[in-house]
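Novice: This is the structure, below, for whatever I ask next.
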Amino acid sequence: MSGAYDEHGHHHREPESVLSLRVRALESLLVEKKLVSSEAVDRIVSAYEQDIGPHNGAKVVARAWVDPAYKQRLLTDGTAAIEELGFGGVDLHVVENKPGVHNLVVCTLCSCYPHALIGLPPVWYKSFEYRSRAVREPREVLREFGVDLPESVEIRIWDSSAELRYLVLPERPAGTEGLSEAQLAELVTRDAMIGVALTRPPASAAR
Amino acid sequence: MDPVPSREIADMTGDAALPRKNGELVFAEAWQGRIFGMTVAMSHEAGFEWREFQTQLIAEIAHAEREGEPSSYYERWLHAFERLLADKDLVDPTALAERTHDFEAGHRDDVF
């Protein structure tokens with residue numbers, strides 16, 4: 001690439017503060033020209049920060065915890081149930097953790113994953129080691145993630161594919177009866193929705 | 001009404017992929033979020049199509065890599081955005097340079 005920008009040295013590394021001033025100058029120009037509004041920029045940044053990643057899945061889980069009818073719909077037809085909350089673009093089957101049953105999601109072939117609900121897959125999810133060992137020795141893999149399940153607990157493995165993605169509905173932690181749906185959503189991690197972690201009560205509510 | 005994130009933007013792959021941690025977008029500095037938001041807003045307001053910006057961003061990243069420049073992802077993003085705005089006659093590079101000078105010299109101090 002060539003052109004005026006190169007000649008003006010814009011490609012040189014600049015201190016962060018200079019970049020920050022430049023971005024502010026640009027925003028003031030764009031606002032002046034009515035090409036953008038600062039409120040629109042605020043809303044976009046906030047939407048992308050909050051709505052991508054594990055956040056959407058956490059909202060689904062929290063809703064299922066507080067609304068038994070929603071939970072039933074979610075387990076019966078995950079695709080339709082997440083659409084109720086405005087999430088879609090994926091055929092989803094939700095599997096429920098309960099006493100005596102723990103679910104674990106893997107994609108043995110590649111890295112199929114419900115992006116719309118829990119963001120991009122972590123590196124280990126895509127690793128050959130996880131993809132092969134999750135099926136062969138799930139109990140050991142879970143132990144390495146810090147989840148030490150008693151032998152009496154059955155572990156069910158779900159192999160995601162391009163056609164159908166799985167999401168784990170973790171068990172609602174004890175001692176969270178007083179929490180709001182939004183507070184509950186904050187307890188739900190990406191790893192819990194893959195099945196390699198349990199959901200814990202907030203530190204303050206524990207014990 | 002909050003905007004719904006576009007998969008076209010959120011799921012860019014390869015060199016153009018948005019920096020993330022644990023699946024979530026990472027803006028190491030406030031200005032990175034502002035420039036991201038401005039670019040997305042301009043694409044919503046029909047200033048340009050997202051793929052036009054994406055093409056520019058990929059070219060900018062390739063250029064910086066070729067030149068061995070240690071610039072950050074969002075620094076390259078900023079350059080790509082400026083260039084696209086100039087190409088579309090939306091923001092004149094000279095006007096931007098002058099406005100930046102106003103901020104550097106303290107003649108202006110708008111905070112967004």
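The way I read the labels, and the way they are meant: chains A, B, ... in the order of the structure tokens, residue 1 as the first residue of every chain, and ligand 1 as the first ligand shown, with later ones counted on from there.
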Env of region 41-51 of chain B: 8 Å cut, atoms = only C-alpha atoms, seq-sep filter 2 positions within chain, self excluded. Answer as a list in words.
Specialist: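 The residues that qualify are Leu35, Val36, Ala40, Val41 and Ile44 of chain A; Glu8, Ile9, Gly37, Met38, Thr39, Phe53, Gln54 and Thr55 of chain B.
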Novice: Mind checking which residues fall within 9 Å of Thr199 (chain A), counting only C-alpha atoms, ignoring those fewer than 6 positions away in the same chain, and posting them as a PyMOL selection string?
Specialist: chain A and resi 170-173+187-189+192
Novice: With a cut-off of 6 Å, could you pull out the residues of chain B touching chain A and give me the nearest pair of atoms for each, distance in Å to one decimal, using only C-alpha atoms, ordered by chain and ascending number, as a tab-separated table?
Specialist:
residue	atom	partner	partner_atom	distance
B:Pro5	CA	A:Tyr48	CA	5.8
B:Gly23	CA	A:Gly119	CA	4.6
B:Glu24	CA	A:Gly53	CA	4.7
B:Leu25	CA	A:Glu49	CA	5.8
B:Trp31	CA	A:Ser20	CA	5.3
B:Gly37	CA	A:Val41	CA	4.6
B:Met38	CA	A:Val41	CA	5.6
B:Ser71	CA	A:Arg13	CA	5.5
B:Arg99	CA	A:Ala25	CA	5.5
B:Thr100	CA	A:Ala25	CA	5.1
Novice: Can you list, as JSON, numbers by chain, every residue of region 30-180 of chain A that DSSP puts in strand (DSSP E or B)?
Specialist: {"A": [92, 93, 94, 95, 96, 98, 101, 102, 103, 104, 105, 106, 154, 155, 156, 157, 158, 159, 165, 166, 167, 168, 169]}
